[in-house]
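**Q** If it helps, the file is called structure-v1.csv and holds CSV, C-alpha atoms and all ligand atoms:
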chain,number,residue,atom,x,y,z
T,1114,MET,CA,134.7,50.4,16.2
T,1115,ASN,CA,132.5,49.2,19.1
T,1116,THR,CA,129.4,51.1,20.2
T,1117,ARG,CA,131.2,52.8,23.0
T,1118,GLN,CA,133.8,54.2,20.6
T,1119,LEU,CA,131.1,55.3,18.2
T,1120,PHE,CA,129.3,57.0,21.2
T,1121,GLN,CA,132.5,59.0,21.9
T,1122,GLN,CA,133.1,59.9,18.2
T,1123,HIS,CA,129.6,60.6,16.8
T,1124,LEU,CA,127.2,61.5,19.6
T,1125,ALA,CA,127.4,65.1,20.5
T,1126,PRO,CA,128.7,65.3,24.1
T,1127,THR,CA,127.1,67.3,27.0
T,1128,SER,CA,129.9,66.9,29.4
T,1129,PRO,CA,133.6,66.2,29.3
T,1130,ALA,CA,133.1,63.0,31.4
T,1131,PRO,CA,129.8,61.2,30.6
T,1132,VAL,CA,129.0,58.1,32.7
T,1133,GLY,CA,129.2,56.2,29.5
T,1134,LEU,CA,127.5,53.0,30.8
T,1135,HIS,CA,126.1,51.1,27.8
T,1136,ILE,CA,122.6,50.0,28.9
T,1137,VAL,CA,121.0,47.4,26.6
T,1138,SER,CA,117.7,46.8,28.4
T,1139,ALA,CA,115.6,47.9,31.4
T,1140,SER,CA,112.9,46.2,33.3
T,1141,GLY,CA,111.1,46.8,36.5
T,1142,ASN,CA,113.4,49.0,38.7
T,1143,TYR,CA,116.6,47.7,37.0
T,1144,LEU,CA,118.9,48.7,34.1
T,1145,TYR,CA,121.1,46.0,32.5
T,1146,ASP,CA,124.4,46.7,30.7
T,1147,ALA,CA,125.9,44.9,27.8
T,1148,ASP,CA,127.5,42.3,30.1
T,1149,GLY,CA,124.2,41.5,31.7
T,1150,LYS,CA,125.1,43.3,34.9
T,1151,ALA,CA,122.0,44.7,36.7
T,1152,TYR,CA,121.9,48.2,38.2
T,1153,LEU,CA,119.1,49.2,40.7
T,1154,ASP,CA,117.8,52.4,39.2
T,1155,LEU,CA,117.7,55.1,41.9
T,1156,ILE,CA,116.9,58.0,39.5
T,1157,GLY,CA,114.3,56.7,37.1
T,1158,GLY,CA,115.7,58.6,34.1
T,1159,ILE,CA,115.6,61.8,36.3
T,1160,SER,CA,112.0,61.5,37.5
T,1161,VAL,CA,110.7,60.2,34.2
T,1162,CYS,CA,110.2,56.5,34.8
T,1163,ASN,CA,107.8,56.7,37.8
T,1164,LEU,CA,106.5,53.2,37.1
T,1165,GLY,CA,109.9,51.7,36.5
T,1166,HIS,CA,110.8,50.2,33.1
T,1167,GLY,CA,109.0,48.0,30.6
T,1168,ARG,CA,105.4,48.2,31.8
T,1169,LYS,CA,103.4,46.0,29.4
T,1170,GLU,CA,100.4,48.2,29.4
T,1171,VAL,CA,102.5,51.2,28.3
T,1172,ILE,CA,104.2,49.2,25.6
T,1173,ASP,CA,100.9,47.8,24.4
T,1174,ALA,CA,99.5,51.3,24.2
T,1175,ILE,CA,102.5,52.5,22.1
T,1176,THR,CA,102.2,49.5,19.8
T,1177,LYS,CA,98.5,50.0,19.3
T,1178,GLN,CA,98.9,53.7,18.5
T,1179,ALA,CA,101.8,53.0,16.2
T,1180,ASN,CA,99.6,50.6,14.3
T,1181,ASP,CA,96.7,53.1,14.1
T,1182,TYR,CA,98.8,56.1,13.1
T,1183,LEU,CA,102.1,57.9,13.9
T,1184,HIS,CA,102.2,61.6,12.9
T,1185,ILE,CA,99.3,62.9,10.8
T,1186,MET,CA,99.2,66.7,11.1
T,1187,VAL,CA,100.7,69.6,13.0
T,1188,TYR,CA,99.4,69.9,16.6
T,1189,GLY,CA,95.9,71.3,17.2
T,1190,GLU,CA,94.1,70.9,13.8
T,1191,LEU,CA,92.8,67.4,13.8
T,1192,VAL,CA,90.9,65.5,16.5
T,1193,GLN,CA,93.4,62.8,17.7
T,1194,THR,CA,92.0,60.4,20.2
T,1195,PRO,CA,95.2,59.9,22.3
T,1196,GLN,CA,95.6,63.7,22.8
T,1197,VAL,CA,91.9,64.2,23.6
T,1198,ALA,CA,91.7,61.2,26.0
T,1199,TYR,CA,94.9,62.2,27.9
T,1200,SER,CA,94.0,65.9,28.2
T,1201,ALA,CA,90.6,64.9,29.6
T,1202,ALA,CA,92.1,62.4,32.0
T,1203,LEU,CA,94.6,65.0,33.3
T,1204,ALA,CA,91.8,67.6,33.6
T,1205,ALA,CA,89.8,65.2,35.7
T,1206,GLN,CA,92.6,65.1,38.2
T,1207,LEU,CA,93.2,68.8,38.3
T,1208,PRO,CA,91.3,71.8,39.8
T,1209,ALA,CA,88.5,73.1,37.5
T,1210,SER,CA,90.7,76.2,36.6
T,1211,LEU,CA,93.3,73.9,35.0
T,1212,SER,CA,91.1,72.5,32.3
T,1213,SER,CA,93.0,73.1,29.1
T,1214,VAL,CA,96.1,71.2,28.2
T,1215,TYR,CA,98.6,72.3,25.6
T,1216,PHE,CA,100.9,69.4,24.8
T,1217,THR,CA,104.5,70.1,23.8
T,1218,ASN,CA,107.6,68.0,23.0
T,1219,SER,CA,109.5,68.6,26.2
T,1220,GLY,CA,109.5,70.4,29.6
T,1221,ALA,CA,111.5,73.3,28.2
T,1222,GLU,CA,109.0,73.8,25.5
T,1223,ALA,CA,106.2,73.9,28.0
T,1224,VAL,CA,108.1,76.6,29.8
T,1225,GLU,CA,108.4,78.6,26.6
T,1226,GLY,CA,104.7,78.2,25.9
T,1227,ALA,CA,103.9,79.4,29.4
T,1228,ILE,CA,106.1,82.5,29.1
T,1229,LYS,CA,104.2,83.5,25.9
T,1230,LEU,CA,100.8,82.7,27.5
T,1231,ALA,CA,101.6,84.8,30.6
T,1232,LYS,CA,102.6,87.8,28.4
T,1233,ARG,CA,99.6,87.3,26.2
T,1234,VAL,CA,97.0,87.0,29.0
T,1235,THR,CA,98.3,89.9,31.2
T,1236,GLY,CA,99.6,92.2,28.4
T,1237,LYS,CA,102.7,92.6,30.6
T,1238,THR,CA,106.3,91.7,29.9
T,1239,ASN,CA,108.3,91.2,33.1
T,1240,LEU,CA,108.9,87.8,34.7
T,1241,ILE,CA,110.2,86.7,38.1
T,1242,ALA,CA,112.0,83.5,38.8
T,1243,CYS,CA,114.0,82.0,41.6
T,1244,ASN,CA,117.7,81.6,42.2
T,1245,ASN,CA,118.7,78.0,42.0
T,1246,SER,CA,115.7,77.1,39.9
T,1247,TYR,CA,115.9,74.8,36.9
T,1248,HIS,CA,113.4,75.3,34.0
T,1249,GLY,CA,115.2,73.9,31.0
T,1250,SER,CA,117.9,74.6,28.4
T,1251,THR,CA,116.1,76.6,25.7
T,1252,THR,CA,116.8,80.3,25.7
T,1253,GLY,CA,113.5,81.4,27.4
T,1254,ALA,CA,113.8,78.7,30.0
T,1255,LEU,CA,117.5,79.4,30.4
T,1256,SER,CA,116.6,83.1,31.1
T,1257,LEU,CA,114.4,81.9,34.0
T,1258,LEU,CA,117.0,79.4,35.3
T,1259,GLY,CA,118.5,80.7,38.5
T,1260,ASP,CA,122.2,80.2,38.2
T,1261,GLU,CA,124.7,82.5,36.7
T,1262,TYR,CA,127.2,79.8,35.8
T,1263,TRP,CA,124.8,78.1,33.5
T,1264,ARG,CA,123.2,81.3,32.1
T,1265,ASN,CA,126.2,83.6,31.6
T,1266,ALA,CA,127.9,82.0,28.5
T,1267,PHE,CA,124.7,82.3,26.5
T,1268,ARG,CA,123.9,86.0,26.9
T,1269,PRO,CA,122.1,88.1,25.7
T,1270,LEU,CA,119.2,86.2,27.1
T,1271,MET,CA,115.5,87.2,27.3
T,1272,PRO,CA,115.2,90.6,29.0
T,1273,GLY,CA,112.9,91.5,31.8
T,1274,VAL,CA,113.6,88.6,34.2
T,1275,GLY,CA,114.3,89.2,37.9
T,1276,HIS,CA,115.8,86.5,40.1
T,1277,TYR,CA,115.2,86.2,43.8
T,1278,ASP,CA,115.7,83.6,46.5
T,1279,TYR,CA,113.0,81.0,47.0
T,1280,ASN,CA,111.0,81.4,50.3
T,1281,THR,CA,111.9,85.0,50.7
T,1282,ARG,CA,109.9,88.2,51.3
T,1283,GLU,CA,112.1,89.9,48.8
T,1284,LEU,CA,110.7,87.9,45.9
T,1285,ILE,CA,107.1,88.7,46.9
T,1286,ASP,CA,107.9,92.4,47.2
T,1287,ALA,CA,109.4,92.4,43.8
T,1288,ILE,CA,106.1,91.5,42.1
T,1289,ASP,CA,104.7,94.8,40.8
T,1290,ASP,CA,102.3,96.1,38.2
T,1291,HIS,CA,104.6,95.2,35.3
T,1292,THR,CA,105.0,91.5,36.4
T,1293,ALA,CA,103.4,89.1,33.9
T,1294,ALA,CA,104.2,86.0,35.9
T,1295,VAL,CA,106.2,84.4,38.7
T,1296,PHE,CA,107.7,81.0,37.8
T,1297,ILE,CA,108.4,78.7,40.7
T,1298,GLU,CA,109.0,75.0,41.2
T,1299,SER,CA,106.5,73.5,43.7
T,1300,VAL,CA,109.6,72.0,45.3
T,1301,GLN,CA,113.0,73.2,44.1
T,1302,GLY,CA,114.7,70.0,42.8
T,1303,GLU,CA,118.1,70.9,41.5
T,1304,ALA,CA,118.7,73.2,44.5
T,1305,GLY,CA,118.9,70.0,46.5
T,1306,VAL,CA,115.2,69.5,47.3
T,1307,LEU,CA,114.0,72.7,48.8
T,1308,ALA,CA,110.3,72.8,49.7
T,1309,PRO,CA,108.3,76.1,50.0
T,1310,LYS,CA,107.1,77.4,53.3
T,1311,GLN,CA,103.4,77.3,53.5
T,1312,ALA,CA,103.0,80.9,54.6
T,1313,TRP,CA,105.4,82.1,51.8
T,1314,LEU,CA,103.5,80.3,49.1
T,1315,GLU,CA,100.2,81.7,50.3
T,1316,ALA,CA,101.6,85.2,50.5
T,1317,LEU,CA,103.1,84.8,47.0
T,1318,ALA,CA,99.8,83.7,45.5
T,1319,THR,CA,97.9,86.6,47.2
T,1320,ARG,CA,100.5,89.1,45.9
T,1321,CYS,CA,100.2,87.7,42.4
T,1322,LYS,CA,96.4,88.2,42.5
T,1323,GLU,CA,96.7,91.7,43.9
T,1324,LYS,CA,99.1,92.7,41.1
T,1325,GLY,CA,97.5,90.8,38.3
T,1326,ALA,CA,100.5,88.5,37.8
T,1327,LEU,CA,100.1,84.9,37.0
T,1328,LEU,CA,101.5,82.2,39.3
T,1329,VAL,CA,103.2,79.5,37.1
T,1330,MET,CA,104.2,76.3,38.9
T,1331,ASP,CA,106.8,74.1,37.3
T,1332,GLU,CA,105.9,70.5,38.2
T,1333,ILE,CA,107.9,69.0,35.5
T,1334,GLN,CA,109.9,67.1,38.0
T,1335,THR,CA,107.5,67.0,41.0
T,1336,GLY,CA,104.3,66.0,39.2
T,1337,PHE,CA,102.8,62.5,38.9
T,1338,GLY,CA,103.3,61.5,42.6
T,1339,ARG,CA,107.0,62.2,43.0
T,1340,THR,CA,106.5,64.2,46.2
T,1341,GLY,CA,103.8,62.0,47.7
T,1342,THR,CA,100.7,63.7,46.3
T,1343,LEU,CA,99.7,63.5,42.6
T,1344,TRP,CA,100.7,67.2,42.1
T,1345,GLY,CA,103.2,69.0,44.3
T,1346,PHE,CA,100.9,72.0,44.9
T,1347,GLU,CA,98.4,69.8,46.7
T,1348,HIS,CA,100.7,69.8,49.8
T,1349,TYR,CA,100.1,73.5,50.1
T,1350,GLY,CA,96.5,74.0,48.7
T,1351,VAL,CA,97.8,76.8,46.4
T,1352,VAL,CA,96.6,76.3,42.8
T,1353,PRO,CA,98.8,77.9,40.1
T,1354,ASP,CA,97.3,79.8,37.2
T,1355,ILE,CA,99.5,77.8,34.8
T,1356,LEU,CA,100.9,74.4,35.5
T,1357,LEU,CA,103.9,72.9,33.8
T,1358,LEU,CA,104.2,69.2,33.2
T,1359,GLY,CA,106.9,67.0,31.6
T,1360,LYS,CA,109.1,64.1,32.4
T,1361,ALA,CA,106.8,61.4,33.8
T,1362,LEU,CA,103.9,62.9,31.7
T,1363,GLY,CA,104.9,60.8,28.7
T,1364,GLY,CA,105.3,57.4,30.5
T,1365,GLY,CA,108.8,57.2,29.2
T,1366,MET,CA,108.1,59.0,25.9
T,1367,PRO,CA,108.9,62.6,25.2
T,1368,LEU,CA,106.0,64.9,26.2
T,1369,GLY,CA,105.5,68.1,28.0
T,1370,ALA,CA,102.5,70.3,28.7
T,1371,PHE,CA,101.4,73.7,29.9
T,1372,VAL,CA,98.0,73.7,31.5
T,1373,ALA,CA,95.7,76.7,32.2
T,1374,SER,CA,92.1,77.7,32.0
T,1375,TRP,CA,90.2,77.4,28.7
T,1376,GLU,CA,89.7,81.2,28.7
T,1377,MET,CA,93.5,81.9,29.0
T,1378,MET,CA,94.3,79.4,26.3
T,1379,GLN,CA,92.0,81.2,23.9
T,1380,THR,CA,94.4,84.1,23.8
T,1381,LEU,CA,96.9,82.0,21.8
T,1382,THR,CA,94.4,81.5,19.0
T,1383,GLU,CA,94.1,85.2,17.9
T,1384,ASN,CA,96.1,88.3,17.2
T,1385,PRO,CA,98.3,86.5,16.2
T,1386,VAL,CA,96.4,83.4,15.2
T,1387,LEU,CA,98.6,80.3,15.9
T,1388,GLY,CA,100.2,82.1,18.8
T,1389,HIS,CA,102.0,78.9,19.8
T,1390,ILE,CA,102.5,76.1,17.3
T,1391,THR,CA,104.4,72.8,17.2
T,1392,THR,CA,104.7,70.1,14.6
T,1393,PHE,CA,105.3,67.2,16.9
T,1394,GLY,CA,104.0,68.4,20.3
T,1395,GLY,CA,101.5,65.9,21.7
T,1396,HIS,CA,102.6,63.2,19.4
T,1397,PRO,CA,99.9,60.5,19.4
T,1398,VAL,CA,102.2,57.7,20.4
T,1399,CYS,CA,103.6,59.8,23.3
T,1400,CYS,CA,100.0,60.7,24.5
T,1401,ALA,CA,98.9,57.1,24.3
T,1402,ALA,CA,101.9,56.0,26.4
T,1403,GLY,CA,101.5,58.8,28.8
T,1404,LYS,CA,97.8,58.0,29.4
T,1405,ALA,CA,98.5,54.3,29.9
T,1406,ALA,CA,101.1,55.2,32.5
T,1407,PHE,CA,98.8,57.8,34.1
T,1408,ASP,CA,96.0,55.2,34.3
T,1409,ILE,CA,98.3,52.7,36.1
T,1410,LEU,CA,99.5,55.4,38.5
T,1411,LEU,CA,95.9,56.1,39.5
T,1412,GLN,CA,94.5,52.5,39.4
T,1413,GLU,CA,97.3,51.0,41.4
T,1414,LYS,CA,97.2,53.9,43.9
T,1415,ILE,CA,101.0,54.2,43.6
T,1416,VAL,CA,101.1,57.7,44.9
T,1417,GLY,CA,99.6,56.6,48.2
T,1418,GLY,CA,102.7,54.4,48.9
T,1419,VAL,CA,105.3,57.2,48.4
T,1420,ALA,CA,105.3,58.6,51.9
T,1421,ALA,CA,106.0,55.2,53.5
T,1422,LYS,CA,108.9,54.6,51.0
T,1423,GLU,CA,110.3,58.0,51.8
T,1424,LYS,CA,110.2,57.0,55.5
T,1425,LEU,CA,112.0,53.8,54.9
T,1426,PHE,CA,114.9,55.7,53.1
T,1427,LEU,CA,115.0,58.3,55.9
T,1428,GLU,CA,115.2,55.5,58.6
T,1429,LYS,CA,118.1,53.8,56.9
T,1430,LEU,CA,120.1,56.8,55.7
T,1431,HIS,CA,122.3,57.5,58.8
T,1432,HIS,CA,126.0,57.7,58.5
T,1433,PRO,CA,128.7,59.9,60.0
T,1434,LYS,CA,129.5,61.1,56.4
T,1435,ILE,CA,125.8,62.2,55.8
T,1436,LYS,CA,125.4,65.9,56.9
T,1437,ALA,CA,121.7,66.1,56.1
T,1438,VAL,CA,118.9,64.4,54.1
T,1439,SER,CA,116.4,66.7,52.5
T,1440,SER,CA,113.3,65.1,51.0
T,1441,LYS,CA,109.8,65.6,49.7
T,1442,GLY,CA,108.3,62.2,48.9
T,1443,LEU,CA,110.7,60.2,46.7
T,1444,LEU,CA,112.7,63.3,45.7
T,1445,MET,CA,115.6,63.2,48.1
T,1446,ALA,CA,119.0,64.9,48.5
T,1447,VAL,CA,121.6,63.2,50.6
T,1448,GLU,CA,124.2,65.9,51.6
T,1449,LEU,CA,127.8,65.0,52.0
T,1450,ASP,CA,130.8,67.2,52.6
T,1451,SER,CA,131.7,67.9,49.0
T,1452,ALA,CA,130.9,67.2,45.3
T,1453,ASP,CA,134.1,65.1,45.3
T,1454,GLU,CA,132.7,62.7,47.9
T,1455,VAL,CA,129.5,62.5,46.0
T,1456,MET,CA,131.3,61.5,42.8
T,1457,LYS,CA,133.3,58.8,44.6
T,1458,VAL,CA,130.1,57.4,46.1
T,1459,LEU,CA,128.3,57.4,42.8
T,1460,HIS,CA,131.2,55.7,41.1
T,1461,ASN,CA,131.6,53.0,43.8
T,1462,ALA,CA,127.8,52.5,43.9
T,1463,MET,CA,127.8,51.8,40.2
T,1464,GLN,CA,130.4,49.1,40.7
T,1465,LYS,CA,128.1,47.6,43.3
T,1466,GLY,CA,125.1,47.7,40.9
T,1467,LEU,CA,123.3,50.9,42.0
T,1468,PHE,CA,122.8,53.8,39.6
T,1469,SER,CA,122.3,57.3,40.9
T,1470,ASP,CA,123.2,60.9,40.2
T,1471,TRP,CA,123.8,64.4,41.7
T,1472,PHE,CA,122.0,67.8,41.5
T,1473,LEU,CA,122.9,70.7,39.2
T,1474,PHE,CA,123.0,73.4,41.9
T,1475,ALA,CA,123.8,71.1,44.8
T,1476,PRO,CA,126.6,68.8,43.6
T,1477,GLN,CA,127.5,68.0,47.2
T,1478,CYS,CA,124.2,66.0,47.3
T,1479,ILE,CA,123.4,62.5,46.1
T,1480,ARG,CA,120.1,62.4,44.1
T,1481,ILE,CA,117.5,59.8,45.2
T,1482,ALA,CA,114.5,59.8,42.9
T,1483,PRO,CA,113.8,56.2,42.1
T,1484,PRO,CA,110.8,54.8,40.3
T,1485,LEU,CA,107.8,55.1,42.7
T,1486,THR,CA,107.4,51.4,42.3
T,1487,ILE,CA,110.6,50.7,44.2
T,1488,SER,CA,110.0,47.9,46.8
T,1489,ALA,CA,110.9,47.9,50.5
T,1490,LYS,CA,113.5,45.3,49.8
T,1491,GLU,CA,115.0,47.4,47.0
T,1492,ILE,CA,115.1,50.4,49.2
T,1493,GLU,CA,117.0,48.4,51.8
T,1494,THR,CA,119.4,47.2,49.1
T,1495,ALA,CA,120.0,50.7,47.8
T,1496,CYS,CA,120.6,52.1,51.3
T,1497,ASN,CA,123.0,49.3,52.2
T,1498,ILE,CA,125.0,49.9,49.0
T,1499,LEU,CA,125.1,53.7,49.7
T,1500,LEU,CA,126.2,53.1,53.3
T,1501,ALA,CA,128.9,50.7,52.2
T,1502,CYS,CA,130.1,53.3,49.7
T,1503,LEU,CA,130.2,56.0,52.4
T,1504,ASP,CA,132.3,53.6,54.5
T,1505,GLU,CA,134.8,53.5,51.7
T,1506,ILE,CA,135.4,57.2,51.2
T,1601,LIG,N1,111.7,72.1,34.7
T,1601,LIG,C1,112.2,71.3,35.6
T,1601,LIG,C2,111.8,71.5,37.1
T,1601,LIG,C3,113.0,70.2,35.2
T,1601,LIG,O1,113.5,69.4,36.2
T,1601,LIG,C4,113.3,70.1,33.9
T,1601,LIG,C5,114.2,69.0,33.4
T,1601,LIG,O2,115.0,68.5,34.1
T,1601,LIG,C6,112.8,71.0,33.0
T,1601,LIG,C7,112.0,72.0,33.4
T,1601,LIG,C8,113.1,70.9,31.5
T,1601,LIG,O3,112.5,69.8,30.9
T,1601,LIG,P1,113.2,69.1,29.6
T,1601,LIG,O4,114.5,68.6,29.9
T,1601,LIG,O5,112.2,68.1,29.2
T,1601,LIG,O6,113.2,70.2,28.6
Can the structure in the file be given as structure tokens, please?

**A**
Amino acid sequence: MNTRQLFQQHLAPTSPAPVGLHIVSASGNYLYDADGKAYLDLIGGISVCNLGHGRKEVIDAITKQANDYLHIMVYGELVQTPQVAYSAALAAQLPASLSSVYFTNSGAEAVEGAIKLAKRVTGKTNLIACNNSYHGSTTGALSLLGDEYWRNAFRPLMPGVGHYDYNTRELIDAIDDHTAAVFIESVQGEAGVLAPKQAWLEALATRCKEKGALLVMDEIQTGFGRTGTLWGFEHYGVVPDILLLGKALGGGMPLGAFVASWEMMQTLTENPVLGHITTFGGHPVCCAAGKAAFDILLQEKIVGGVAAKEKLFLEKLHHPKIKAVSSKGLLMAVELDSADEVMKVLHNAMQKGLFSDWFLFAPQCIRIAPPLTISAKEIETACNILLACLDEI
């Protein structure tokens, strides 16, 4: 049996029709299949590979840490240099109130940790989340997720969660004395790239303060320069009480984090002690890789180039079949008439050497979220391929 057949037989599936491309290597902004065909990567592993693929500094950091040690002890007991160095580097780039980093294995686990932290800090139980929000696939995160189709089959879910539309007064008015936290994405990704209104976000933060509820911002997809600033919340000057990180955090390795004040994090250490624990969270190799990638992001001032690249895409992406393009930095949704059209474009684009995807709650949109290192020439190539595919449908 060849690898593709083994994939079909032994790897648990997530959809009835996986893309099923067999990628054997990745370098720069390209993926390569078993026949040596190159695919320009327009999604960077879904906002993970912000530096593209195969950065030597990241691989060197992984190799060095693997030689020093792999796993040595459950999270939080021993002083491990990669965890300490990365948490300090992150804190140096965050507001003073976000000084304490709890590393997890994934974005969803960061969400789970934040749910527990918010309940522990406030002594309250209710949570508010947004319709069309995505926060992960574990039961707590799924309870926050804002789409009935994805939630319903797995009931009963976590009780006490109310869902409201992003950018609405209704959501703000729903925050009451029983609300422990409001979970929002700083830009709603899977909804098809929906940015918050400045006045709404400010009013939301004010209401949270008035009612003693915590504002939790999920920057798992929008962090690390994706939207044109290092953190999405910088666009709006509204600092969350808890920040959620993942995806690009690990530089291509699995890593998530919830970040809050030192005082808040103390609540997880007592009554009960070990209020949140994880064996592998903050794995030293993942932290070493993440820090190496973070250093490059800052040293090479990559975030500063995002707005100009967004502009290049926006200038090129005009076609009678395109109904709208919604974007915040290099997180872009190209809206067509239907999900069916999107699937045809994605399929044809792959034949022409371009790899992209769609959005969970906006399947009528093509996802554009390339490595932030994509060049002007590559942007032109990507747009030309997309336009040619649109001509074909
Ligand atoms: N939150 C957001 C905004 C995400 O985009 C994702 C993943 O796509 C998650 C949470 C969950 O992260 P993970 O898949 O690492 O559990």

**Q** Taking only C-alpha atoms and all ligand atoms and a cut-off of 9 Å, can you tell me which residues surround ligand LIG 1601 (chain T), written as a PyMOL selection string?

**A** chain T and resi 1159-1160+1218-1224+1246-1251+1254+1297-1303+1331-1335+1357-1360+1367-1369

**Q** To one decimal in Å, tell me the separation between atom CA of Lys1429 of chain T and atom CA of Tyr1349 of chain T.

**A** 27.5 Å

**Q** Give the answer as one residue: which of T:Arg1268, T:His1389, T:Lys1422, T:His1123 has the shortest atom-to-atom distance to Gly1189 of chain T, using all atoms listed in the file?

**A**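 Using all atoms listed in the file, the shortest distance to Gly1189 of chain T belongs to T:His1389.
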
**Q** Give me the residues within 6 Å of segment 1371-1387 of chain T as JSON, numbers by chain, counting only C-alpha atoms and dropping any in the same chain fewer than 5 places off.

**A** {"T": [1210, 1211, 1212, 1213, 1214, 1215, 1223, 1355, 1356, 1357]}

**Q** Mind checking which residues fall within 6 Å of segment 1493-1503 of chain T, counting all atoms listed in the file, ignoring those fewer than 3 positions away in the same chain, and posting them as an mmCIF file with C-alpha atoms, in the coordinates of the input?

**A**
data_model
loop_
_atom_site.group_PDB
_atom_site.id
_atom_site.type_symbol
_atom_site.label_atom_id
_atom_site.label_comp_id
_atom_site.auth_asym_id
_atom_site.auth_seq_id
_atom_site.Cartn_x
_atom_site.Cartn_y
_atom_site.Cartn_z
ATOM 1 C CA VAL T 1458 130.100 57.400 46.100
ATOM 2 C CA LYS T 1490 113.500 45.300 49.800
ATOM 3 C CA ILE T 1506 135.400 57.200 51.200
#

**Q** My list of candidates is T:Val1455, T:Lys1465, T:Ile1492, T:Ala1326. Which is closest to Cys1478 of chain T when distances are computed with all atoms listed in the file?

**A**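 For Cys1478 of chain T, the nearest of the given residues is T:Val1455.
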
**Q** Give me the residues within 10 Å of Trp1263 of chain T as a compact mmCIF listing (two decimals) with C-alpha atoms, keeping the file's coordinate frame, counting all atoms listed in the file and dropping any in the same chain fewer than 5 places off.

**A**
# COMPACT_ATOMS: atom_id res chain seq x y z
CA SER T 1250 117.90 74.60 28.40
CA LEU T 1255 117.50 79.40 30.40
CA SER T 1256 116.60 83.10 31.10
CA LEU T 1258 117.00 79.40 35.30
CA LEU T 1473 122.90 70.70 39.20
CA PHE T 1474 123.00 73.40 41.90

**Q** Just checking: using only C-alpha atoms, which residue out of T:Ile1479, T:Glu1428, T:Gly1466, T:Lys1434 ends up closest to Leu1134 of chain T?

**A**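 Checking each candidate against Leu1134 of chain T, we get T:Gly1466 as the closest.
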
**Q** Would you mind reading off the distance between atom CA of Tyr1145 of chain T and atom CA of Phe1468 of chain T, one decimal, in Å?

**A** 10.7 Å

**Q** Can you sort out segment 1261-1265 of chain T so it carries all heavy atoms, written as an mmCIF file, keeping the file's coordinate frame?

**A**
data_model
loop_
_atom_site.group_PDB
_atom_site.id
_atom_site.type_symbol
_atom_site.label_atom_id
_atom_site.label_comp_id
_atom_site.auth_asym_id
_atom_site.auth_seq_id
_atom_site.Cartn_x
_atom_site.Cartn_y
_atom_site.Cartn_z
ATOM 1 N N GLU T 1261 123.898 81.742 37.606
ATOM 2 C CA GLU T 1261 124.700 82.500 36.700
ATOM 3 C C GLU T 1261 125.699 81.699 35.899
ATOM 4 O O GLU T 1261 125.977 81.964 34.725
ATOM 5 C CB GLU T 1261 125.404 83.657 37.472
ATOM 6 C CG GLU T 1261 125.968 84.769 36.624
ATOM 7 C CD GLU T 1261 124.986 85.379 35.629
ATOM 8 O OE1 GLU T 1261 123.758 85.228 35.775
ATOM 9 O OE2 GLU T 1261 125.480 85.992 34.670
ATOM 10 N N TYR T 1262 126.245 80.678 36.522
ATOM 11 C CA TYR T 1262 127.200 79.800 35.800
ATOM 12 C C TYR T 1262 126.624 79.229 34.565
ATOM 13 O O TYR T 1262 127.255 79.201 33.506
ATOM 14 C CB TYR T 1262 127.742 78.751 36.785
ATOM 15 C CG TYR T 1262 128.554 77.668 36.099
ATOM 16 C CD1 TYR T 1262 129.858 77.919 35.682
ATOM 17 C CD2 TYR T 1262 128.006 76.408 35.861
ATOM 18 C CE1 TYR T 1262 130.601 76.927 35.047
ATOM 19 C CE2 TYR T 1262 128.747 75.416 35.229
ATOM 20 C CZ TYR T 1262 130.036 75.678 34.823
ATOM 21 O OH TYR T 1262 130.758 74.714 34.186
ATOM 22 N N TRP T 1263 125.382 78.738 34.675
ATOM 23 C CA TRP T 1263 124.800 78.100 33.500
ATOM 24 C C TRP T 1263 124.206 79.123 32.515
ATOM 25 O O TRP T 1263 124.070 78.841 31.343
ATOM 26 C CB TRP T 1263 123.630 77.153 33.968
ATOM 27 C CG TRP T 1263 124.101 75.746 34.116
ATOM 28 C CD1 TRP T 1263 124.171 74.809 33.137
ATOM 29 C CD2 TRP T 1263 124.622 75.116 35.291
ATOM 30 N NE1 TRP T 1263 124.690 73.634 33.636
ATOM 31 C CE2 TRP T 1263 124.966 73.800 34.943
ATOM 32 C CE3 TRP T 1263 124.810 75.536 36.601
ATOM 33 C CZ2 TRP T 1263 125.498 72.897 35.855
ATOM 34 C CZ3 TRP T 1263 125.332 74.640 37.503
ATOM 35 C CH2 TRP T 1263 125.678 73.338 37.143
ATOM 36 N N ARG T 1264 123.863 80.333 33.019
ATOM 37 C CA ARG T 1264 123.200 81.300 32.100
ATOM 38 C C ARG T 1264 124.281 82.129 31.347
ATOM 39 O O ARG T 1264 124.092 82.435 30.175
ATOM 40 C CB ARG T 1264 122.491 82.366 32.996
ATOM 41 C CG ARG T 1264 121.112 82.002 33.414
ATOM 42 C CD ARG T 1264 120.371 83.236 33.937
ATOM 43 N NE ARG T 1264 121.099 84.014 34.905
ATOM 44 C CZ ARG T 1264 120.755 84.144 36.187
ATOM 45 N NH1 ARG T 1264 119.697 83.532 36.637
ATOM 46 N NH2 ARG T 1264 121.464 84.903 37.011
ATOM 47 N N ASN T 1265 125.376 82.484 32.016
ATOM 48 C CA ASN T 1265 126.200 83.600 31.600
ATOM 49 C C ASN T 1265 126.782 83.408 30.148
ATOM 50 O O ASN T 1265 126.829 84.360 29.367
ATOM 51 C CB ASN T 1265 127.343 83.825 32.558
ATOM 52 C CG ASN T 1265 127.996 85.154 32.315
ATOM 53 O OD1 ASN T 1265 127.292 86.111 31.966
ATOM 54 N ND2 ASN T 1265 129.293 85.229 32.463
#
